[in-house]
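Enquirer: Sending over target_34.cif (mmCIF, C-alpha atoms and all ligand atoms).
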data_protein
loop_
_atom_site.label_atom_id
_atom_site.label_comp_id
_atom_site.auth_asym_id
_atom_site.auth_seq_id
_atom_site.Cartn_x
_atom_site.Cartn_y
_atom_site.Cartn_z
CA MET A 1 55.26 38.82 41.15
CA LYS A 2 55.95 35.30 39.89
CA GLN A 3 55.01 33.46 43.07
CA GLU A 4 55.05 33.92 46.83
CA VAL A 5 58.37 32.77 48.24
CA LYS A 6 58.40 32.25 52.00
CA PRO A 7 61.42 31.42 54.17
CA TYR A 8 60.14 28.25 55.82
CA GLY A 9 57.07 27.17 53.83
CA THR A 10 54.90 26.60 56.92
CA GLU A 11 51.22 27.43 57.46
CA LYS A 12 52.22 30.83 58.85
CA SER A 13 51.92 33.99 56.75
CA LYS A 14 54.95 35.26 54.84
CA LYS A 15 55.05 38.24 57.23
CA GLU A 16 55.28 36.00 60.31
CA GLU A 17 57.90 33.78 58.72
CA VAL A 18 59.98 36.77 57.60
CA ALA A 19 59.84 38.32 61.09
CA ASN A 20 60.85 34.96 62.65
CA MET A 21 63.69 34.50 60.19
CA PHE A 22 65.16 37.95 60.86
CA ASP A 23 64.69 37.44 64.62
CA ASN A 24 66.76 34.24 64.24
CA ILE A 25 69.60 35.69 62.21
CA ALA A 26 69.70 39.16 63.87
CA PRO A 27 72.88 38.54 65.95
CA LYS A 28 74.85 37.56 62.83
CA TYR A 29 73.07 39.78 60.28
CA ASP A 30 75.56 42.66 60.10
CA LEU A 31 78.58 40.37 59.90
CA LEU A 32 77.04 38.21 57.17
CA ASN A 33 75.74 41.20 55.25
CA HIS A 34 79.12 42.84 54.91
CA VAL A 35 81.10 39.62 54.37
CA LEU A 36 78.71 38.16 51.79
CA SER A 37 78.50 41.42 49.85
CA MET A 38 82.24 42.13 50.36
CA GLY A 39 81.20 45.53 51.69
CA ILE A 40 79.57 46.64 48.43
CA ASP A 41 76.19 47.11 50.18
CA ILE A 42 77.76 50.01 52.09
CA LEU A 43 78.65 51.80 48.83
CA TRP A 44 75.14 51.24 47.48
CA ARG A 45 73.55 52.89 50.54
CA LYS A 46 76.03 55.78 50.28
CA LYS A 47 75.06 56.34 46.64
CA ALA A 48 71.34 56.35 47.47
CA VAL A 49 71.91 58.86 50.28
CA ARG A 50 73.80 61.15 47.88
CA MET A 51 70.69 61.17 45.67
CA LEU A 52 68.63 62.48 48.60
CA LYS A 53 71.05 65.31 49.39
CA PRO A 54 69.48 67.99 47.13
CA PHE A 55 66.20 67.59 49.05
CA ALA A 56 67.83 68.43 52.42
CA PRO A 57 65.30 66.21 54.25
CA LYS A 58 64.68 66.97 57.93
CA LYS A 59 62.38 64.03 58.73
CA ILE A 60 63.47 60.72 57.19
CA ILE A 61 61.83 57.32 57.44
CA ASP A 62 63.87 54.15 56.87
CA ILE A 63 61.52 51.30 56.01
CA ALA A 64 62.51 47.71 56.94
CA THR A 65 65.42 49.30 58.78
CA GLY A 66 66.65 46.03 60.31
CA THR A 67 69.78 46.88 62.29
CA GLY A 68 69.64 50.45 60.98
CA ASP A 69 72.52 50.70 58.49
CA PHE A 70 70.60 52.87 56.01
CA ALA A 71 69.38 55.10 58.86
CA LEU A 72 72.97 55.52 60.06
CA GLU A 73 74.13 56.39 56.54
CA SER A 74 71.41 59.07 56.27
CA LEU A 75 72.85 60.91 59.28
CA SER A 76 75.24 62.52 56.77
CA LEU A 77 72.22 64.48 55.48
CA ASN A 78 72.02 66.13 58.90
CA PRO A 79 68.30 65.55 59.46
CA ASP A 80 66.43 66.44 62.67
CA LYS A 81 65.12 62.91 63.07
CA ILE A 82 65.34 59.52 61.37
CA THR A 83 62.68 56.91 62.10
CA GLY A 84 63.55 53.28 61.38
CA VAL A 85 60.64 50.84 61.14
CA ASP A 86 60.85 47.04 61.16
CA ILE A 87 58.73 43.99 62.02
CA SER A 88 61.63 42.11 63.64
CA ASN A 89 62.20 43.12 67.23
CA GLN A 90 65.56 41.32 67.38
CA MET A 91 66.89 43.20 64.35
CA LEU A 92 65.73 46.48 65.94
CA GLU A 93 67.37 45.54 69.23
CA VAL A 94 70.76 44.95 67.54
CA GLY A 95 70.23 48.31 65.82
CA ARG A 96 69.35 50.11 69.07
CA GLN A 97 72.58 48.85 70.69
CA LYS A 98 74.54 50.07 67.66
CA MET A 99 72.92 53.54 67.84
CA LYS A 100 73.66 53.78 71.57
CA LYS A 101 77.29 52.76 71.10
CA ARG A 102 77.72 55.46 68.46
CA GLY A 103 75.88 58.04 70.58
CA VAL A 104 73.19 58.68 67.94
CA ASP A 105 70.21 57.04 69.66
CA GLN A 106 68.61 60.47 70.21
CA ARG A 107 68.61 61.13 66.46
CA ILE A 108 67.40 57.73 65.26
CA ASP A 109 64.20 56.11 66.56
CA MET A 110 63.90 52.35 66.02
CA VAL A 111 60.19 51.52 65.91
CA LEU A 112 58.43 48.14 65.72
CA GLY A 113 55.92 48.39 62.90
CA ASP A 114 54.63 46.95 59.65
CA SER A 115 55.43 48.77 56.40
CA GLU A 116 52.13 47.61 54.99
CA ASN A 117 50.29 49.47 57.76
CA LEU A 118 52.50 52.31 58.97
CA PRO A 119 51.69 54.02 62.28
CA PHE A 120 52.25 57.55 60.88
CA ASP A 121 50.05 60.33 59.53
CA THR A 122 49.75 61.01 55.82
CA ASP A 123 52.29 63.56 54.46
CA THR A 124 54.72 63.24 57.40
CA PHE A 125 58.22 62.59 56.00
CA ASP A 126 60.63 64.60 53.79
CA ALA A 127 62.37 61.47 52.44
CA LEU A 128 62.11 57.69 52.57
CA THR A 129 64.72 54.94 52.26
CA VAL A 130 64.49 51.13 52.04
CA ALA A 131 67.31 48.67 51.48
CA PHE A 132 66.64 45.00 50.79
CA GLY A 133 63.23 45.31 52.42
CA VAL A 134 60.50 45.44 49.75
CA ARG A 135 61.30 41.92 48.49
CA ASN A 136 60.27 40.61 51.89
CA PHE A 137 56.87 42.31 52.01
CA GLN A 138 53.85 40.05 52.07
CA ASN A 139 51.92 42.49 49.87
CA LEU A 140 54.33 44.61 47.82
CA GLU A 141 51.68 47.01 46.48
CA ALA A 142 50.19 47.62 49.94
CA GLY A 143 53.68 48.41 51.26
CA LEU A 144 54.54 50.78 48.41
CA LYS A 145 51.21 52.61 48.74
CA GLU A 146 51.75 53.03 52.48
CA MET A 147 55.26 54.35 51.85
CA ASN A 148 53.85 56.84 49.36
CA ARG A 149 51.10 57.89 51.81
CA VAL A 150 53.45 58.90 54.63
CA LEU A 151 55.71 60.99 52.36
CA LYS A 152 55.05 64.69 51.87
CA PRO A 153 54.02 65.67 48.31
CA GLY A 154 57.14 65.89 46.11
CA ALA A 155 59.32 64.08 48.68
CA PRO A 156 61.78 61.45 47.38
CA ALA A 157 61.96 57.69 47.99
CA ALA A 158 65.16 55.70 47.41
CA ILE A 159 64.63 51.95 47.30
CA ILE A 160 67.58 49.54 47.01
CA GLU A 161 66.83 45.97 46.05
CA PHE A 162 68.65 43.05 44.47
CA SER A 163 68.17 42.53 40.77
CA THR A 164 69.69 39.98 38.41
CA PRO A 165 72.62 40.85 36.12
CA GLU A 166 71.72 40.06 32.52
CA ARG A 167 75.11 39.81 30.78
CA PHE A 168 77.75 37.13 30.48
CA PRO A 169 79.89 36.47 32.52
CA MET A 170 78.51 38.48 35.49
CA LYS A 171 75.15 36.72 35.28
CA GLN A 172 76.77 33.26 35.51
CA LEU A 173 79.22 34.30 38.25
CA TYR A 174 76.44 35.94 40.24
CA LEU A 175 74.11 32.94 39.93
CA PHE A 176 76.85 30.55 41.02
CA TYR A 177 77.79 32.72 43.98
CA PHE A 178 74.19 33.39 45.01
CA HIS A 179 73.00 29.79 44.76
CA ASN A 180 76.08 27.94 46.01
CA ILE A 181 78.61 29.95 47.99
CA LEU A 182 76.29 32.41 49.76
CA PRO A 183 73.85 29.78 51.19
CA ALA A 184 76.75 27.65 52.45
CA ILE A 185 78.43 30.53 54.31
CA GLY A 186 75.05 31.87 55.45
CA LYS A 187 74.03 28.52 56.95
CA LEU A 188 77.37 27.99 58.66
CA VAL A 189 77.42 31.39 60.35
CA SER A 190 73.72 32.10 61.00
CA LYS A 191 72.79 28.47 61.85
CA ASP A 192 69.52 29.10 59.96
CA ALA A 193 69.49 26.62 57.09
CA ARG A 194 66.77 28.43 55.12
CA ALA A 195 67.59 32.12 55.48
CA TYR A 196 70.30 32.16 52.83
CA THR A 197 68.52 29.87 50.37
CA TYR A 198 65.40 32.05 50.76
CA LEU A 199 67.56 35.03 49.72
CA PRO A 200 68.33 33.91 46.11
CA GLU A 201 64.87 32.32 45.74
CA SER A 202 63.12 35.53 46.77
CA VAL A 203 65.35 37.62 44.48
CA ASN A 204 64.58 35.28 41.58
CA ALA A 205 60.83 35.71 42.12
CA PHE A 206 60.99 39.48 42.52
CA PRO A 207 60.37 42.06 39.76
CA TYR A 208 63.27 44.31 38.83
CA GLY A 209 64.16 47.08 36.39
CA GLU A 210 61.31 48.45 34.26
CA GLN A 211 58.83 46.05 35.84
CA PHE A 212 59.49 47.38 39.33
CA VAL A 213 59.46 50.98 38.07
CA ASN A 214 55.94 50.39 36.71
CA ILE A 215 54.76 48.90 40.01
CA MET A 216 56.06 51.97 41.85
CA LYS A 217 54.20 54.22 39.40
CA ASP A 218 50.98 52.20 39.88
CA CYS A 219 51.39 52.74 43.63
CA GLY A 220 51.47 56.53 43.25
CA PHE A 221 55.16 57.39 42.74
CA LYS A 222 56.15 59.89 40.04
CA GLU A 223 59.35 60.48 38.04
CA VAL A 224 60.50 56.94 38.86
CA SER A 225 63.80 55.67 37.52
CA ALA A 226 65.97 52.57 38.00
CA ILE A 227 69.73 52.91 38.47
CA PRO A 228 71.57 49.57 38.13
CA LEU A 229 74.42 49.05 40.61
CA THR A 230 77.55 46.89 40.17
CA PHE A 231 76.72 45.08 36.89
CA GLY A 232 73.02 44.97 37.84
CA ILE A 233 73.41 42.92 41.04
CA ALA A 234 71.19 45.50 42.71
CA SER A 235 69.30 48.63 41.69
CA ILE A 236 68.29 51.91 43.23
CA TYR A 237 64.72 52.83 42.39
CA PHE A 238 64.21 56.53 42.82
CA GLY A 239 60.85 58.28 42.73
CA LYS A 240 58.84 61.09 44.25
CA LYS A 241 55.39 61.31 45.79
C1 LIG B 301 67.48 42.17 54.52
S1 LIG B 301 66.92 43.08 55.90
C2 LIG B 301 67.42 44.71 55.49
C3 LIG B 301 67.76 45.57 56.67
C4 LIG B 301 68.36 46.92 56.36
N1 LIG B 301 67.47 47.74 55.60
C5 LIG B 301 69.71 46.82 55.66
O1 LIG B 301 69.92 47.51 54.67
O2 LIG B 301 70.58 46.09 56.15
C6 LIG B 301 65.18 43.14 55.60
C7 LIG B 301 64.37 43.67 56.78
O3 LIG B 301 63.02 43.87 56.34
C8 LIG B 301 62.18 43.68 57.45
N2 LIG B 301 60.79 43.55 56.97
C9 LIG B 301 60.27 42.63 56.16
N3 LIG B 301 58.95 42.86 55.96
C10 LIG B 301 58.65 43.98 56.64
C11 LIG B 301 57.45 44.71 56.82
N4 LIG B 301 56.31 44.35 56.27
N5 LIG B 301 57.50 45.83 57.59
C12 LIG B 301 58.67 46.21 58.20
N6 LIG B 301 59.82 45.53 58.07
C13 LIG B 301 59.82 44.43 57.30
C14 LIG B 301 62.78 42.43 58.08
O4 LIG B 301 62.35 42.21 59.40
C15 LIG B 301 64.28 42.73 57.96
O5 LIG B 301 64.79 43.34 59.11
#
What is this file in structure tokens?

Expert:
Amino acid sequence: MKQEVKPYGTEKSKKEEVANMFDNIAPKYDLLNHVLSMGIDILWRKKAVRMLKPFAPKKIIDIATGTGDFALESLSLNPDKITGVDISNQMLEVGRQKMKKRGVDQRIDMVLGDSENLPFDTDTFDALTVAFGVRNFQNLEAGLKEMNRVLKPGAPAAIIEFSTPERFPMKQLYLFYFHNILPAIGKLVSKDARAYTYLPESVNAFPYGEQFVNIMKDCGFKEVSAIPLTFGIASIYFGKK
């Protein structure tokens, strides 16, 4: 990791600041997510879920679940139970309302918890998902090791995270959009001036591609690969315990 990027730059830990930031933007998160990504984030989660299908997982954990979109997408795998974990109570609360409205609150548990110290036994889950979560961890390696610990041996993990496109003109278009348009819309709608400047800054400081694959391997994952999505704007990292 190049440097620690925190949302507000106060004396508080990155974890506290991240939880506060997501508590602040929770009511507008879903709207902004889908508008700012033009709905592409939905396709990325769908693709990751398709990769889990051959494993027919019955117990799934969705790390940094936020308002639960990845958990909802994983219902298509017909699992017995999905457990979403997040450190932001407000994000979870928006998610819980969504689950209730759709009548799936019995199949998806939304649990307050820290991915770097998960409240689950070793070898518990048949599959693990995370979308746009690992970049926000205070200690990436601690989080990845915990994720590996709670998976059953051989069980898959699908991690979606932003990366940076490397080719002209996508790289230039992406950088312009990410550093100019996205923060302006984000600030206007969420009323949090930092949340959507923290986003490109944290992506810029975060490892991607081969570098992230190697970190996953160091944290105990096997057969790890990186699948670039939409010109490399994001990637799915897929590995097994
Ligand atoms: C960008 S949101 C992603 C939410 C959801 N996965 C999605 O695809 O829309 C990132 C989430 O990560 C959560 N988060 C950050 N650090 C965490 C940690 N250490 N443990 C659990 N959740 C964490 C934040 O609270 C936030 O809800």

Enquirer: Using 7 Å as the limit and counting all atoms listed in the file, can you tabulate each residue of chain A that touches ligand LIG 301 (chain B), with its shortest atom-to-atom distance in Å and the two atoms involved, as a Markdown table?

Expert:
| residue | atom | partner | partner_atom | distance |
| --- | --- | --- | --- | --- |
| A:Lys15 | CA | B:LIG301 | N3 | 6.2 |
| A:Val18 | CA | B:LIG301 | C9 | 6.0 |
| A:Ala19 | CA | B:LIG301 | O4 | 4.9 |
| A:Phe22 | CA | B:LIG301 | O4 | 5.3 |
| A:Ile63 | CA | B:LIG301 | C12 | 6.2 |
| A:Ala64 | CA | B:LIG301 | N6 | 3.6 |
| A:Thr65 | CA | B:LIG301 | N1 | 4.1 |
| A:Gly66 | CA | B:LIG301 | O5 | 3.5 |
| A:Thr67 | CA | B:LIG301 | C4 | 6.1 |
| A:Gly68 | CA | B:LIG301 | C4 | 6.0 |
| A:Asp69 | CA | B:LIG301 | O2 | 5.5 |
| A:Phe70 | CA | B:LIG301 | O1 | 5.6 |
| A:Val85 | CA | B:LIG301 | C12 | 5.8 |
| A:Asp86 | CA | B:LIG301 | N6 | 3.6 |
| A:Ile87 | CA | B:LIG301 | N6 | 4.4 |
| A:Ser88 | CA | B:LIG301 | O4 | 4.3 |
| A:Met91 | CA | B:LIG301 | O5 | 5.6 |
| A:Gly113 | CA | B:LIG301 | C12 | 5.9 |
| A:Asp114 | CA | B:LIG301 | N5 | 3.7 |
| A:Ser115 | CA | B:LIG301 | N5 | 3.8 |
| A:Glu116 | CA | B:LIG301 | N4 | 5.5 |
| A:Val130 | CA | B:LIG301 | N1 | 5.7 |
| A:Ala131 | CA | B:LIG301 | N1 | 4.2 |
| A:Phe132 | CA | B:LIG301 | C1 | 4.8 |
| A:Gly133 | CA | B:LIG301 | O3 | 4.2 |
| A:Val134 | CA | B:LIG301 | N3 | 6.9 |
| A:Asn136 | CA | B:LIG301 | C9 | 4.7 |
| A:Phe137 | CA | B:LIG301 | N3 | 4.5 |
| A:Gln138 | CA | B:LIG301 | N4 | 6.5 |
| A:Gly143 | CA | B:LIG301 | N4 | 7.0 |

Enquirer: Give me, as a ChimeraX atom specification, all polymer residues having an atom no more than 12 Å from Glu4 in chain A, counting all atoms listed in the file and skipping those fewer than 3 positions away in the same chain.

Expert: /A:1,7-9,13-15,135-140,198,201-206

Enquirer: Between A:Ser74, A:Asn180, A:Gln172, A:Asn214, single out the one closest to Glu141 in chain A, counting only C-alpha atoms.

Expert: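 Smallest distance to Glu141 in chain A is found for A:Asn214.
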
Enquirer: From the set A:Leu128, A:Pro119, A:Arg149, A:Phe162, which residue has the shortest atom-to-atom contact distance to Tyr174 in chain A, counting only C-alpha atoms?

Expert: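 Counting only C-alpha atoms, the residue closest to Tyr174 in chain A is A:Phe162.
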
Enquirer: Write out as a short mmCIF file (atom, residue, chain, number, x, y, z; two decimals) with C-alpha atoms, in the coordinates of the input each polymer residue whose atoms come within 9 Å of Val189 in chain A, counting all atoms listed in the file; drop sequence neighbours fewer than 5 positions from it.

Expert:
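Once everything was written out, this is result-v9.cif:
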data_model
loop_
_atom_site.label_atom_id
_atom_site.label_comp_id
_atom_site.auth_asym_id
_atom_site.auth_seq_id
_atom_site.Cartn_x
_atom_site.Cartn_y
_atom_site.Cartn_z
CA LYS A 28 74.85 37.56 62.83
CA LEU A 32 77.04 38.21 57.17
CA ALA A 184 76.75 27.65 52.45
#

Enquirer: Please report the interatomic distance between CA of Ser225 in chain A and CA of Phe238 in chain A in Å with one decimal.

Expert: 5.4 Å

Enquirer: Of the candidates A:Asn148, A:Ser235, A:Gln211, A:Asn33, which one gets nearest to Asp123 in chain A if we count only C-alpha atoms?

Expert: A:Asn148

Enquirer: Interatomic distance between CA of Ile159 in chain A and CA of Arg45 in chain A?

Expert: 9.5 Å

Enquirer: Edge lengths and centre in Å to one decimal, as AutoDock Vina command-line options, of the axis-aligned box that encloses all listed atoms of range 89-105 of chain A with 6 Å added on every side?

Expert:
--center_x 70.0 --center_y 50.0 --center_z 68.0 --size_x 27.5 --size_y 29.4 --size_z 19.2

Enquirer: Just the number, please: distance in Å from CA of Gly232 in chain A to CA of Asp23 in chain A, one decimal.

Expert: 29.0 Å

Enquirer: Taking all atoms listed in the file into account, name the residue in A:Thr83, A:Glu17, A:Glu73, A:Lys101 that is nearest to Ile42 in chain A.

Expert: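 Residue with the minimum atom-to-atom distance to Ile42 in chain A: A:Glu73.
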
Enquirer: Hey, what's within 10 Å of Lys59 in chain A if we count all atoms listed in the file and toss same-chain stuff fewer than 6 positions away? As a PyMOL selection string, please?

Expert: chain A and resi 78-83+124-128+151

Enquirer: Just the residues within 9 Å of Lys171 in chain A, please, counting all atoms listed in the file, with nothing from its chain fewer than 4 positions along; format it as a PyMOL selection string.

Expert: chain A and resi 164-167+175-176+231-233

Enquirer: Would you pick out the contacts of Met51 in chain A at 9 Å or less, using only C-alpha atoms, so that residues sharing its chain but fewer than 4 positions from it are not included, and give the list as number ranges by chain?

Expert: A: 46-47, 55, 158, 238

Enquirer: Point out the residue among A:Leu72, A:Leu36, A:Leu77, A:Leu112 with the least atom-to-atom distance to Tyr196 in chain A, counting all atoms listed in the file.

Expert: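 Going through A:Leu72, A:Leu36, A:Leu77, A:Leu112 one by one, the smallest distance to Tyr196 in chain A is for A:Leu36.
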